[in-house]
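Visitor: Compact mmCIF, C-alpha atoms, file model.txt:
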```txt
# COMPACT_ATOMS: atom_id res chain seq x y z
CA MET A 9 0.00 0.00 0.00
CA THR A 10 1.31 3.43 -0.90
CA THR A 11 2.06 6.14 1.65
CA ASP A 12 -0.71 8.23 0.07
CA ALA A 13 -3.24 5.45 0.63
CA LYS A 14 -2.19 5.20 4.28
CA LYS A 15 -2.77 8.91 4.72
CA LYS A 16 -6.25 8.70 3.23
CA GLY A 17 -7.41 5.96 5.59
CA PRO A 18 -9.27 2.65 5.15
CA LEU A 19 -12.61 4.31 4.26
CA ALA A 20 -11.21 6.78 1.73
CA GLY A 21 -13.55 7.26 -1.24
CA LEU A 22 -16.70 6.80 0.84
CA ARG A 23 -19.08 9.78 1.10
CA ILE A 24 -21.64 9.97 3.91
CA ILE A 25 -24.36 12.55 4.59
CA ASP A 26 -24.68 13.11 8.33
CA SER A 27 -28.11 14.62 8.99
CA THR A 28 -28.12 13.80 12.71
CA THR A 29 -27.94 15.42 16.14
CA MET A 30 -27.21 14.51 19.79
CA VAL A 31 -24.55 11.82 20.48
CA ALA A 32 -25.02 8.34 18.99
CA MET A 33 -25.01 8.97 15.23
CA PRO A 34 -22.60 11.94 15.29
CA MET A 35 -20.21 9.70 17.21
CA ALA A 36 -20.58 6.84 14.71
CA LEU A 37 -19.86 9.17 11.83
CA HIS A 38 -16.85 10.92 13.32
CA ILE A 39 -15.36 7.43 13.77
CA MET A 40 -15.90 6.78 10.06
CA ALA A 41 -14.59 10.24 9.19
CA ASP A 42 -11.45 9.57 11.24
CA MET A 43 -11.01 6.46 9.08
CA GLY A 44 -11.02 8.55 5.92
CA ALA A 45 -14.67 8.71 4.85
CA GLU A 46 -15.82 12.11 3.58
CA VAL A 47 -18.61 12.89 6.04
CA ILE A 48 -20.76 15.93 5.29
CA LYS A 49 -22.55 17.31 8.31
CA VAL A 50 -25.90 18.70 7.08
CA GLU A 51 -27.58 21.04 9.56
CA THR A 52 -29.65 24.21 9.49
CA HIS A 53 -28.85 27.69 10.72
CA THR A 54 -32.55 28.20 11.47
CA LEU A 55 -32.34 26.00 14.59
CA PHE A 56 -29.77 26.14 17.36
CA ARG A 57 -27.19 23.37 17.35
CA THR A 58 -28.51 20.74 19.76
CA GLU A 59 -25.07 19.66 20.90
CA ALA A 60 -24.06 23.26 21.69
CA ALA A 61 -26.94 23.67 24.16
CA ARG A 62 -24.72 22.10 26.83
CA LEU A 63 -22.73 25.36 27.22
CA LEU A 64 -19.38 23.53 27.35
CA TYR A 65 -17.47 26.36 25.73
CA ALA A 66 -13.73 26.31 25.16
CA ASP A 67 -12.19 27.85 28.30
CA ASN A 68 -15.78 28.58 29.42
CA GLU A 69 -15.83 31.60 27.09
CA PRO A 70 -18.74 31.89 24.61
CA GLY A 71 -16.92 34.44 22.45
CA ASP A 72 -18.60 36.17 19.53
CA ASP A 73 -19.85 32.92 17.95
CA PRO A 74 -20.53 30.52 20.83
CA TRP A 75 -22.31 28.04 18.55
CA ASN A 76 -18.87 27.26 17.09
CA ARG A 77 -17.05 26.99 20.43
CA ASP A 78 -18.98 24.23 22.17
CA GLY A 79 -16.87 21.29 23.34
CA SER A 80 -19.53 18.65 22.68
CA PHE A 81 -20.10 19.79 19.11
CA ASN A 82 -16.40 20.03 18.36
CA THR A 83 -15.82 16.53 19.73
CA LEU A 84 -18.74 14.84 17.97
CA GLN A 85 -18.36 16.59 14.59
CA ARG A 86 -14.59 16.39 14.16
CA SER A 87 -13.11 15.27 10.84
CA LYS A 88 -16.29 16.35 8.99
CA LEU A 89 -17.24 18.94 6.41
CA GLY A 90 -20.24 21.13 7.17
CA VAL A 91 -23.10 22.64 5.15
CA THR A 92 -26.29 24.41 6.23
CA LEU A 93 -29.48 23.48 4.36
CA ASN A 94 -32.87 24.81 5.41
CA LEU A 95 -35.11 21.83 4.64
CA LYS A 96 -38.26 23.89 5.14
CA VAL A 97 -37.50 25.50 1.77
CA ALA A 98 -37.91 23.53 -1.47
CA GLU A 99 -34.46 24.55 -2.69
CA GLY A 100 -32.92 23.10 0.48
CA VAL A 101 -34.67 19.77 -0.07
CA GLU A 102 -33.54 19.69 -3.69
CA ALA A 103 -29.93 20.38 -2.67
CA PHE A 104 -30.14 17.51 -0.17
CA LYS A 105 -31.36 15.21 -2.94
CA GLU A 106 -28.54 16.30 -5.23
CA LEU A 107 -26.06 15.56 -2.48
CA ALA A 108 -27.60 12.11 -1.97
CA ARG A 109 -27.09 11.34 -5.68
CA ILE A 110 -23.32 11.62 -5.25
CA SER A 111 -23.13 9.97 -1.82
CA ASP A 112 -22.92 6.38 -0.60
CA VAL A 113 -24.70 6.64 2.73
CA VAL A 114 -27.35 8.91 4.28
CA VAL A 115 -27.83 8.86 8.05
CA GLU A 116 -30.71 10.57 9.89
CA ASN A 117 -32.10 10.33 13.41
CA ASN A 118 -35.45 12.10 13.26
CA ARG A 119 -38.66 10.80 14.75
CA ALA A 120 -40.31 8.21 12.49
CA GLY A 121 -42.15 9.91 9.63
CA THR A 122 -40.22 13.20 9.66
CA MET A 123 -38.06 12.50 6.60
CA LYS A 124 -41.05 11.13 4.70
CA ARG A 125 -42.90 14.41 5.23
CA LEU A 126 -39.89 16.27 3.82
CA GLY A 127 -39.74 14.01 0.78
CA LEU A 128 -36.37 12.64 1.94
CA SER A 129 -37.27 9.12 3.10
CA TYR A 130 -35.44 6.04 1.89
CA GLU A 131 -38.09 5.44 -0.77
CA ASP A 132 -37.67 9.02 -1.99
CA LEU A 133 -33.89 9.00 -2.11
CA LYS A 134 -33.72 5.51 -3.58
CA GLN A 135 -35.27 7.08 -6.68
CA GLU A 136 -32.31 9.46 -6.80
CA LYS A 137 -29.65 6.77 -6.13
CA PRO A 138 -30.81 3.13 -6.28
CA ASP A 139 -27.78 1.67 -4.44
CA LEU A 140 -27.96 4.18 -1.58
CA ILE A 141 -27.49 2.95 1.98
CA TYR A 142 -29.93 4.83 4.20
CA VAL A 143 -29.75 4.69 7.99
CA SER A 144 -32.62 5.76 10.25
CA ASN A 145 -31.85 5.86 13.96
CA THR A 146 -34.90 6.29 16.18
CA GLY A 147 -35.80 5.45 19.74
CA PHE A 148 -38.03 2.48 18.96
CA GLY A 149 -37.80 1.82 15.22
CA HIS A 150 -40.19 2.44 12.32
CA THR A 151 -42.52 -0.49 13.09
CA GLY A 152 -44.43 -1.59 16.15
CA PRO A 153 -46.83 0.18 18.53
CA TRP A 154 -44.06 2.43 19.95
CA ARG A 155 -42.80 3.62 16.56
CA THR A 156 -44.04 7.19 17.09
CA TYR A 157 -42.60 7.52 20.58
CA ALA A 158 -39.77 9.98 21.11
CA GLY A 159 -36.60 8.66 22.69
CA ILE A 160 -33.47 10.03 24.33
CA GLY A 161 -30.44 8.22 25.74
CA ARG A 162 -31.22 8.23 29.45
CA MET A 163 -34.70 6.73 29.07
CA PHE A 164 -33.39 3.57 27.42
CA GLU A 165 -31.60 2.61 30.62
CA LEU A 166 -35.07 2.41 32.13
CA THR A 167 -37.06 0.81 29.32
CA CYS A 168 -34.49 -1.88 28.47
CA GLY A 169 -34.20 -3.03 32.09
CA LEU A 170 -30.68 -1.80 32.92
CA SER A 171 -31.92 0.39 35.78
CA GLN A 172 -33.17 -2.73 37.51
CA PHE A 173 -29.51 -3.41 38.32
CA THR A 174 -27.85 0.02 38.65
CA GLY A 175 -27.81 1.87 41.95
CA TYR A 176 -27.65 0.94 45.61
CA PRO A 177 -30.25 -1.14 47.48
CA ASP A 178 -31.07 1.69 49.92
CA GLU A 179 -31.37 4.35 47.20
CA GLY A 180 -33.11 2.90 44.16
CA PRO A 181 -32.01 3.05 40.49
CA ARG A 182 -29.22 5.33 39.30
CA ARG A 183 -28.19 6.54 35.86
CA VAL A 184 -25.06 5.17 34.21
CA GLY A 185 -23.14 8.28 33.18
CA LYS A 186 -24.64 10.83 30.79
CA SER A 187 -25.35 8.94 27.59
CA PHE A 188 -24.52 5.30 28.23
CA PHE A 189 -26.44 3.64 25.40
CA ASP A 190 -25.55 6.32 22.86
CA GLN A 191 -22.04 4.84 22.73
CA HIS A 192 -23.41 1.34 22.11
CA VAL A 193 -25.70 2.66 19.40
CA GLY A 194 -22.86 4.54 17.73
CA TRP A 195 -20.63 1.49 17.50
CA THR A 196 -23.54 -0.67 16.34
CA ALA A 197 -24.26 1.84 13.58
CA VAL A 198 -20.66 1.67 12.33
CA PHE A 199 -20.90 -2.11 12.15
CA ALA A 200 -24.28 -2.03 10.40
CA ILE A 201 -23.16 0.53 7.81
CA LEU A 202 -19.99 -1.40 6.98
CA ALA A 203 -22.01 -4.62 6.67
CA ALA A 204 -24.44 -2.91 4.27
CA LEU A 205 -21.53 -1.55 2.23
CA HIS A 206 -20.05 -5.04 2.04
CA TYR A 207 -23.38 -6.37 0.79
CA ARG A 208 -23.59 -3.59 -1.79
CA GLN A 209 -20.09 -4.35 -3.00
CA LYS A 210 -21.13 -7.98 -3.59
CA THR A 211 -24.59 -7.35 -5.10
CA GLY A 212 -24.71 -3.72 -6.22
CA LYS A 213 -27.80 -3.18 -4.05
CA GLY A 214 -28.40 -0.57 -1.39
CA GLN A 215 -30.78 -0.92 1.56
CA TRP A 216 -32.51 0.77 4.47
CA LEU A 217 -31.15 0.23 8.00
CA ASP A 218 -33.90 0.71 10.59
CA LEU A 219 -31.92 1.17 13.82
CA ALA A 220 -33.80 1.17 17.16
CA MET A 221 -31.90 2.41 20.22
CA TYR A 222 -34.27 0.58 22.55
CA GLN A 223 -33.46 -2.77 21.00
CA ILE A 224 -29.72 -2.13 21.26
CA GLY A 225 -30.20 -1.48 24.96
CA VAL A 226 -32.17 -4.71 25.38
CA ALA A 227 -29.47 -6.59 23.47
CA THR A 228 -26.96 -5.72 26.21
CA MET A 229 -29.20 -7.34 28.84
CA GLY A 230 -28.88 -10.86 27.46
CA ASP A 231 -27.69 -12.59 30.64
CA ALA A 232 -30.46 -10.99 32.73
CA LEU A 233 -33.14 -11.97 30.21
CA LEU A 234 -31.79 -15.52 30.01
CA ASP A 235 -31.68 -15.82 33.80
CA TYR A 236 -35.36 -14.90 34.00
CA GLU A 237 -36.34 -17.16 31.10
CA VAL A 238 -34.49 -20.18 32.47
CA ASN A 239 -34.54 -19.67 36.24
CA GLY A 240 -37.42 -17.27 36.84
CA ARG A 241 -35.07 -14.88 38.68
CA ASN A 242 -35.79 -11.22 38.02
CA GLY A 243 -32.57 -9.62 39.23
CA ARG A 244 -32.10 -6.78 41.69
CA ILE A 245 -30.10 -3.67 42.46
CA MET A 246 -26.80 -4.67 44.05
CA GLY A 247 -24.54 -1.61 43.96
CA ASN A 248 -20.97 -2.63 43.10
CA ARG A 249 -21.42 -6.19 44.24
CA HIS A 250 -21.55 -9.38 42.18
CA PRO A 251 -24.33 -12.02 42.13
CA TYR A 252 -21.99 -14.65 43.63
CA HIS A 253 -18.39 -13.35 43.97
CA ALA A 254 -17.02 -11.65 47.09
CA PRO A 255 -15.22 -9.44 47.80
CA HIS A 256 -16.37 -7.50 44.78
CA GLY A 257 -16.71 -3.75 45.08
CA VAL A 258 -15.19 -0.31 45.24
CA TYR A 259 -13.16 0.52 48.34
CA PRO A 260 -11.82 3.81 49.75
CA CYS A 261 -8.17 4.79 49.42
CA ARG A 262 -5.98 7.50 50.91
CA GLY A 263 -7.02 11.02 49.96
CA ASP A 264 -10.22 12.85 49.13
CA ASP A 265 -12.71 10.78 47.11
CA LYS A 266 -10.11 8.21 46.05
CA TRP A 267 -11.21 4.64 45.41
CA VAL A 268 -10.08 1.30 44.04
CA ALA A 269 -12.20 -1.47 42.50
CA VAL A 270 -11.36 -5.05 43.49
CA ALA A 271 -12.93 -8.26 42.15
CA ILE A 272 -12.04 -11.64 43.62
CA GLU A 273 -13.33 -14.46 41.41
CA ASN A 274 -11.75 -17.55 42.98
CA ASP A 275 -9.72 -18.92 45.90
CA GLU A 276 -6.45 -18.42 44.02
CA GLN A 277 -7.09 -14.68 43.77
CA TRP A 278 -8.20 -14.59 47.42
CA GLN A 279 -4.91 -16.14 48.48
CA ALA A 280 -3.07 -13.61 46.34
CA LEU A 281 -4.97 -10.81 48.09
CA LEU A 282 -3.93 -12.27 51.46
CA ARG A 283 -0.30 -12.07 50.34
CA VAL A 284 -0.66 -8.40 49.44
CA MET A 285 -2.36 -7.73 52.78
CA ASP A 286 0.57 -9.50 54.45
CA SER A 287 -1.49 -11.62 56.86
CA VAL A 288 -3.85 -9.02 58.26
CA ALA A 289 -5.35 -10.77 61.29
CA TRP A 290 -8.99 -10.64 60.23
CA SER A 291 -8.23 -12.16 56.83
CA LEU A 292 -7.78 -15.56 58.48
CA ASP A 293 -11.22 -15.46 60.09
CA GLU A 294 -13.36 -18.56 59.47
CA ARG A 295 -16.10 -16.31 58.03
CA PHE A 296 -13.84 -15.74 55.02
CA ALA A 297 -12.34 -19.22 54.67
CA ASP A 298 -14.07 -20.10 51.39
CA ALA A 299 -16.09 -18.46 48.62
CA PRO A 300 -19.58 -19.26 50.01
CA SER A 301 -18.56 -17.96 53.44
CA ARG A 302 -17.10 -14.76 51.99
CA PHE A 303 -20.28 -14.16 50.03
CA LYS A 304 -22.45 -14.80 53.09
CA HIS A 305 -20.42 -12.38 55.22
CA GLN A 306 -19.62 -9.76 52.61
CA ASP A 307 -20.97 -6.88 54.71
CA GLU A 308 -18.31 -7.53 57.34
CA LEU A 309 -15.73 -8.36 54.67
CA ASP A 310 -16.33 -5.12 52.77
CA GLU A 311 -16.00 -3.04 55.94
CA LEU A 312 -12.73 -4.68 56.98
CA LEU A 313 -11.26 -4.62 53.48
CA GLY A 314 -12.19 -0.93 53.17
CA GLN A 315 -10.31 -0.17 56.39
CA TRP A 316 -7.22 -1.80 54.91
CA THR A 317 -7.44 -0.15 51.47
CA SER A 318 -7.94 3.30 53.03
CA GLY A 319 -4.27 3.38 53.97
CA TRP A 320 -3.13 2.94 50.36
CA ASN A 321 -2.61 5.29 47.44
CA GLN A 322 -5.14 4.12 44.84
CA THR A 323 -2.74 3.64 41.91
CA GLU A 324 -0.06 2.02 44.08
CA LEU A 325 -2.66 -0.42 45.37
CA MET A 326 -3.89 -1.12 41.85
CA ASP A 327 -0.32 -1.90 40.76
CA ALA A 328 0.26 -4.12 43.79
CA LEU A 329 -2.91 -6.11 43.22
CA GLN A 330 -2.42 -6.37 39.46
CA GLY A 331 1.10 -7.59 40.19
CA GLN A 332 -0.53 -10.59 41.86
CA LYS A 333 -2.95 -11.08 38.93
CA ILE A 334 -5.90 -9.73 40.91
CA PRO A 335 -8.49 -7.79 38.83
CA ALA A 336 -8.24 -4.27 40.29
CA ALA A 337 -8.36 -0.71 39.03
CA ALA A 338 -8.11 2.77 40.46
CA VAL A 339 -11.32 4.76 40.05
CA MET A 340 -10.15 7.62 37.86
CA ASN A 341 -11.63 11.07 37.39
CA SER A 342 -11.33 13.13 34.20
CA ARG A 343 -7.91 14.51 35.12
CA ASP A 344 -6.59 11.03 35.91
CA VAL A 345 -7.78 9.65 32.57
CA LEU A 346 -6.35 12.53 30.53
CA THR A 347 -2.95 12.30 32.22
CA ASN A 348 -2.80 8.51 32.40
CA PRO A 349 0.68 7.41 31.23
CA HIS A 350 -0.63 4.23 29.61
CA MET A 351 -3.14 6.14 27.49
CA ARG A 352 -0.46 8.61 26.49
CA ASN A 353 1.97 5.85 25.60
CA ARG A 354 -0.71 4.32 23.37
CA GLY A 355 -1.11 7.65 21.57
CA PHE A 356 -4.83 7.69 22.37
CA TYR A 357 -5.07 11.47 22.62
CA GLU A 358 -4.63 13.65 19.54
CA ARG A 359 -3.82 17.34 19.37
CA VAL A 360 -6.05 19.28 16.98
CA GLU A 361 -5.29 22.79 15.75
CA HIS A 362 -8.46 24.84 15.35
CA ASN A 363 -8.84 27.66 12.85
CA PRO A 364 -7.05 30.73 14.30
CA ASP A 365 -10.20 32.80 13.66
CA SER A 366 -12.14 30.61 16.10
CA GLY A 367 -10.03 31.62 19.07
CA ILE A 368 -10.23 28.05 20.35
CA GLY A 369 -6.58 27.25 19.82
CA PRO A 370 -5.11 23.74 20.04
CA LYS A 371 -7.16 21.17 21.95
CA ILE A 372 -6.73 17.51 22.93
CA TYR A 373 -9.32 14.99 21.71
CA PHE A 374 -9.69 11.26 22.35
CA GLY A 375 -8.84 8.96 19.49
CA ARG A 376 -10.03 5.43 18.71
CA PRO A 377 -9.59 2.28 20.82
CA TRP A 378 -7.64 0.39 18.17
CA LYS A 379 -4.56 0.72 16.00
CA MET A 380 -4.30 -0.40 12.37
CA SER A 381 -0.81 -1.14 11.11
CA LYS A 382 -1.53 -0.56 7.40
CA THR A 383 -4.27 2.08 7.34
CA PRO A 384 -4.02 4.19 10.49
CA ALA A 385 -6.90 6.50 11.35
CA LYS A 386 -6.59 10.03 12.71
CA ILE A 387 -8.62 13.17 13.33
CA ARG A 388 -8.55 14.77 9.88
CA ARG A 389 -9.76 18.28 10.71
CA PRO A 390 -11.54 20.19 13.48
CA ALA A 391 -15.33 20.25 13.50
CA PRO A 392 -16.80 22.64 10.92
CA ALA A 393 -17.98 26.09 11.87
CA LEU A 394 -21.63 26.67 11.02
CA GLY A 395 -21.85 26.63 7.22
CA GLU A 396 -18.08 26.58 6.87
CA HIS A 397 -18.06 24.47 3.70
CA ASN A 398 -21.23 25.80 2.05
CA GLU A 399 -19.37 27.14 -0.97
CA PHE A 400 -17.26 24.01 -1.42
CA ILE A 401 -20.20 21.61 -1.18
CA LEU A 402 -22.69 23.65 -3.23
CA GLY A 403 -20.05 24.82 -5.69
CA ASP A 404 -17.36 22.18 -6.09
CA LEU A 405 -19.51 19.11 -5.39
CA LEU A 406 -22.92 20.16 -6.75
CA GLY A 407 -21.75 22.52 -9.47
CA ARG A 408 -23.71 25.61 -8.43
CA ASP A 409 -22.22 28.93 -9.56
CA GLU A 410 -21.57 31.93 -7.30
CA ALA A 411 -24.79 33.68 -8.28
CA GLU A 412 -26.90 30.63 -7.43
CA ILE A 413 -25.14 30.13 -4.13
CA GLN A 414 -25.74 33.76 -3.24
CA ARG A 415 -29.41 33.34 -4.13
CA LEU A 416 -29.62 30.44 -1.68
CA TYR A 417 -28.24 32.70 1.03
CA ASP A 418 -30.78 35.38 0.07
CA ILE A 419 -33.77 33.04 0.38
CA ASN A 420 -32.47 31.60 3.68
CA VAL A 421 -31.53 28.13 2.44
CA LEU A 422 -27.91 28.72 3.47
CA GLY A 423 -26.51 30.60 6.43
CA LYS A 424 -23.46 30.91 8.66
CA THR A 425 -25.02 32.30 11.84
CA PRO A 426 -28.06 31.02 13.76
CA THR A 427 -31.30 32.78 12.94
CA ASP A 428 -32.29 33.27 16.58
CA PRO A 429 -29.46 32.24 18.93
CA PRO A 430 -30.31 31.97 22.62
CA ASP A 431 -28.53 33.97 25.31
CA PHE A 432 -25.13 32.50 26.16
CA LYS A 433 -24.25 32.89 29.83
CA PRO A 434 -22.35 29.89 31.17
CA PRO A 435 -21.89 29.89 34.94
CA SER A 436 -18.37 30.68 36.11
CA TYR A 437 -16.11 27.84 37.21
CA GLN A 438 -16.30 29.18 40.76
CA ARG A 439 -20.08 28.99 40.70
CA GLN A 440 -19.96 25.47 39.28
CA LEU A 441 -17.61 24.47 42.09
CA GLU A 442 -19.97 25.95 44.66
CA GLU A 443 -22.97 24.19 43.10
CA GLY A 444 -21.16 20.87 42.99
CA THR A 445 -21.35 20.46 39.21
CA LEU A 446 -17.54 20.63 39.10
CA ALA A 447 -15.28 18.59 41.37
CA GLY A 448 -12.26 20.74 40.62
CA TYR A 449 -10.64 23.10 38.15
CA ASP A 450 -7.03 23.40 37.01
CA PRO A 451 -6.26 26.88 35.61
CA ASN A 452 -3.16 25.40 33.94
CA TYR A 453 -5.08 22.48 32.43
CA ALA A 454 -3.68 23.15 28.94
CA ASP A 455 -0.13 22.57 30.19
CA ILE A 456 -1.20 19.45 32.09
CA VAL A 457 -2.81 17.76 29.07
CA GLY A 458 -0.29 19.09 26.56
CA ALA A 459 -2.58 21.36 24.58
CA ASP A 460 -0.15 24.30 24.55
```
Would you kindly transcribe this structure into structure tokens?
Guide:
Amino acid sequence: MTTDAKKKGPLAGLRIIDSTTMVAMPMALHIMADMGAEVIKVETHTLFRTEAARLLYADNEPGDDPWNRDGSFNTLQRSKLGVTLNLKVAEGVEAFKELARISDVVVENNRAGTMKRLGLSYEDLKQEKPDLIYVSNTGFGHTGPWRTYAGIGRMFELTCGLSQFTGYPDEGPRRVGKSFFDQHVGWTAVFAILAALHYRQKTGKGQWLDLAMYQIGVATMGDALLDYEVNGRNGRIMGNRHPYHAPHGVYPCRGDDKWVAVAIENDEQWQALLRVMDSVAWSLDERFADAPSRFKHQDELDELLGQWTSGWNQTELMDALQGQKIPAAAVMNSRDVLTNPHMRNRGFYERVEHNPDSGIGPKIYFGRPWKMSKTPAKIRRPAPALGEHNEFILGDLLGRDEAEIQRLYDINVLGKTPTDPPDFKPPSYQRQLEEGTLAGYDPNYADIVGAD
């Protein structure tokens, strides 16, 4: 393979229209863009960018164009080109169709029926390009009694059954992070798109992928569903514990809010833990002599083990336990993850130079959890400013002349600023610290993560 081919990436030559918002599909498509696909982010300037509503501005400063400075948007839309098309205007719909004619994949995540009303459904666009691969990501799919229901990431933890297991017995269910199933959906979408492309390469036929986030959530609950089907057991909330292993949990370490996770699966690992503890008196108690006894007395075991771990530095304890082949990990916060020497050694973080006009400067972004020896992926460019590539896409790709492009601006099909942007007033870091939405703030964070 030539050096030029390596630079282009394994998906070079593939063109994808990204007409999506939120997390799952934008994430799937920035992964494909990192791998060399030409991904065109289609959005409208007549609505505020959904991702940017989180007010996660670079350095907490909105600047003159805050819609271009949001951290979530810049993370999820990296490596993409960007065009604004107002699909409430006929000319915007026609431009979308023209773009579909020269693309391989169209991805949308509107509520079922929305694209059909616009004349941009799979059946509509298949008339424009018969071998098109068209992906619809909705909460519950395009068939079934729930097909018209709206869906958002956090609710799928509830409807798929995950919340039956997350949380502590004395508190009730808890969420798993911010957008747990969005990540699963994103990766599933990448797999599904590549499978459809493989099928098209063999047969010359495109197809419609009807992706339902709810079903992806349920698919991760296989062991719980099987346990109920076979044994009639319906599961329960159990905190950080395990259905039959003990000790199994998260234990305090030295310092403020420092923890380590430890999982003992068998007697061999228990004996290894005893060696690390260097014959702590209680460890020889008959209550902990075998696995059933440890499980029966795990309340006492957890309390005693927590007293021992509290004297350790979390990473030193992790290293000591891992050195004895005991599954253990320090519970890391954002700073710990970004400065982790293993992640840095793997080259997981990539430095991206933003357009000088943006005022954002260089920033560090996460990469991909794999390495390819022949066709390495990388972040190809920063996320597009609103309408940044309008002229390139309408002119170079669709062949519109300058006068026609200007006419589209005049009739509000194209734009580079939001029509009615909301007021941008992010709370100060000090206020966020006081409210508890921030655990800490490093003024010299850029030096720490290597962004400067």
Visitor: Check the smallest atom-to-atom distance from each of A:Ala454, A:Asp139, A:Met340, A:Ala103 to Arg208 in chain A using only C-alpha atoms, then report the winner.
Guide: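 Of the candidates, the smallest distance to Arg208 in chain A is held by A:Asp139.
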Visitor: Would you work out the distance separating CA of Gly185 in chain A from CA of Arg262 in chain A, expressed in Å to one decimal?
Guide: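 Taking CA of Gly185 in chain A as the start and CA of Arg262 in chain A as the end point, the length is 24.7 Å.
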Visitor: Residues near range 395-397 of chain A, anyone? I mean within 9 Å using only C-alpha atoms, not counting same-chain ones fewer than 3 positions away, as a VMD selection string.
Guide: chain A and resid 50 to 53 89 to 93 392 400 to 402 422 to 425
Visitor: Could you please determine the separation between CA of Asp310 in chain A and CA of Leu446 in chain A in Å, to one decimal place?
Guide: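 Here the two named atoms are 29.2 Å from each other.
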Visitor: What does the structure give for the distance between CA of Asp218 in chain A and CA of Arg109 in chain A, in Å to one decimal?
Guide: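 The value is 20.6 Å.
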Visitor: So that I can check the surroundings of range 33-46 of chain A, please list as a ChimeraX atom specification every protein, DNA and RNA residue that reaches within 9 Å of it, counting only C-alpha atoms and ignoring chain neighbours fewer than 2 positions away.
Guide: /A:15-31,48-49,83-89,115-117,145,190-191,193-198,375-376,383-389
Visitor: Fewer than 2 positions away in the same chain doesn't count, so skip those; otherwise give me all residues within 12 Å of Met163 in chain A, counting all atoms listed in the file, as a list in words.
Guide: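 The filter keeps Gly147, Phe148, Tyr157, Ala158, Gly159, Ile160, Gly161, Glu165, Leu166, Thr167, Cys168, Gly169, Leu170, Ser171, Arg182, Arg183, Val184, Lys186, Ser187, Phe188, Phe189, Asp190, Met221, Tyr222 and Gly225 of chain A.
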Visitor: Select, from A:Pro255, A:Pro451, A:Pro429, A:Gly240, the residue with the minimum atom-to-atom distance to Asp72 in chain A, counting only C-alpha atoms.
Guide: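 Checking each of A:Pro255, A:Pro451, A:Pro429, A:Gly240 against Asp72 in chain A, counting only C-alpha atoms, the winner is A:Pro429.
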Visitor: Rank nothing, just name the residue among A:Asp418, A:Asp78, A:Asp67, A:Glu399 nearest to Asn452 in chain A, using all atoms listed in the file.
Guide: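 When distances to Asn452 in chain A are compared using all atoms listed in the file, the smallest one comes from A:Asp67.
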Visitor: Excluding range 346-348 of chain A and residues on its chain fewer than 2 positions from it, collect all residues at most 12 Å away from it, counting all atoms listed in the file, and give them as a list in words.
Guide: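 Residues meeting the cut-off are Thr323, Ala338, Met340, Asn341, Ser342, Arg343, Asp344, His350, Met351, Arg352, Asn353, Arg354, Gly355, Phe356, Tyr357, Glu358, Ile372, Tyr373, Phe374, Gly375, Tyr453, Ala454, Asp455, Ile456, Val457, Gly458 and Ala459 of chain A.
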Visitor: For the selection you just gave me, I'd like the residues written to a file as a compact mmCIF listing (two decimals), in the coordinates of the input, keeping C-alpha atoms.
Guide:
```txt
# COMPACT_ATOMS: atom_id res chain seq x y z
CA THR A 323 -2.74 3.64 41.91
CA ALA A 338 -8.11 2.77 40.46
CA MET A 340 -10.15 7.62 37.86
CA ASN A 341 -11.63 11.07 37.39
CA SER A 342 -11.33 13.13 34.20
CA ARG A 343 -7.91 14.51 35.12
CA ASP A 344 -6.59 11.03 35.91
CA HIS A 350 -0.63 4.23 29.61
CA MET A 351 -3.14 6.14 27.49
CA ARG A 352 -0.46 8.61 26.49
CA ASN A 353 1.97 5.85 25.60
CA ARG A 354 -0.71 4.32 23.37
CA GLY A 355 -1.11 7.65 21.57
CA PHE A 356 -4.83 7.69 22.37
CA TYR A 357 -5.07 11.47 22.62
CA GLU A 358 -4.63 13.65 19.54
CA ILE A 372 -6.73 17.51 22.93
CA TYR A 373 -9.32 14.99 21.71
CA PHE A 374 -9.69 11.26 22.35
CA GLY A 375 -8.84 8.96 19.49
CA TYR A 453 -5.08 22.48 32.43
CA ALA A 454 -3.68 23.15 28.94
CA ASP A 455 -0.13 22.57 30.19
CA ILE A 456 -1.20 19.45 32.09
CA VAL A 457 -2.81 17.76 29.07
CA GLY A 458 -0.29 19.09 26.56
CA ALA A 459 -2.58 21.36 24.58
```
Visitor: Got a sec: who's within 12 Å of Ala297 in chain A, counting all atoms listed in the file, leaving out chain neighbours fewer than 2 positions off, as number ranges by chain?
Guide: A: 254, 274-275, 278-279, 282, 290-295, 299-305, 309
Visitor: I'd like to know which of A:Trp154, A:Phe104, A:Tyr142, A:Trp316 is closest to Leu406 in chain A, using only C-alpha atoms.
Guide: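 Checking each candidate against Leu406 in chain A, we get A:Phe104 as the closest.
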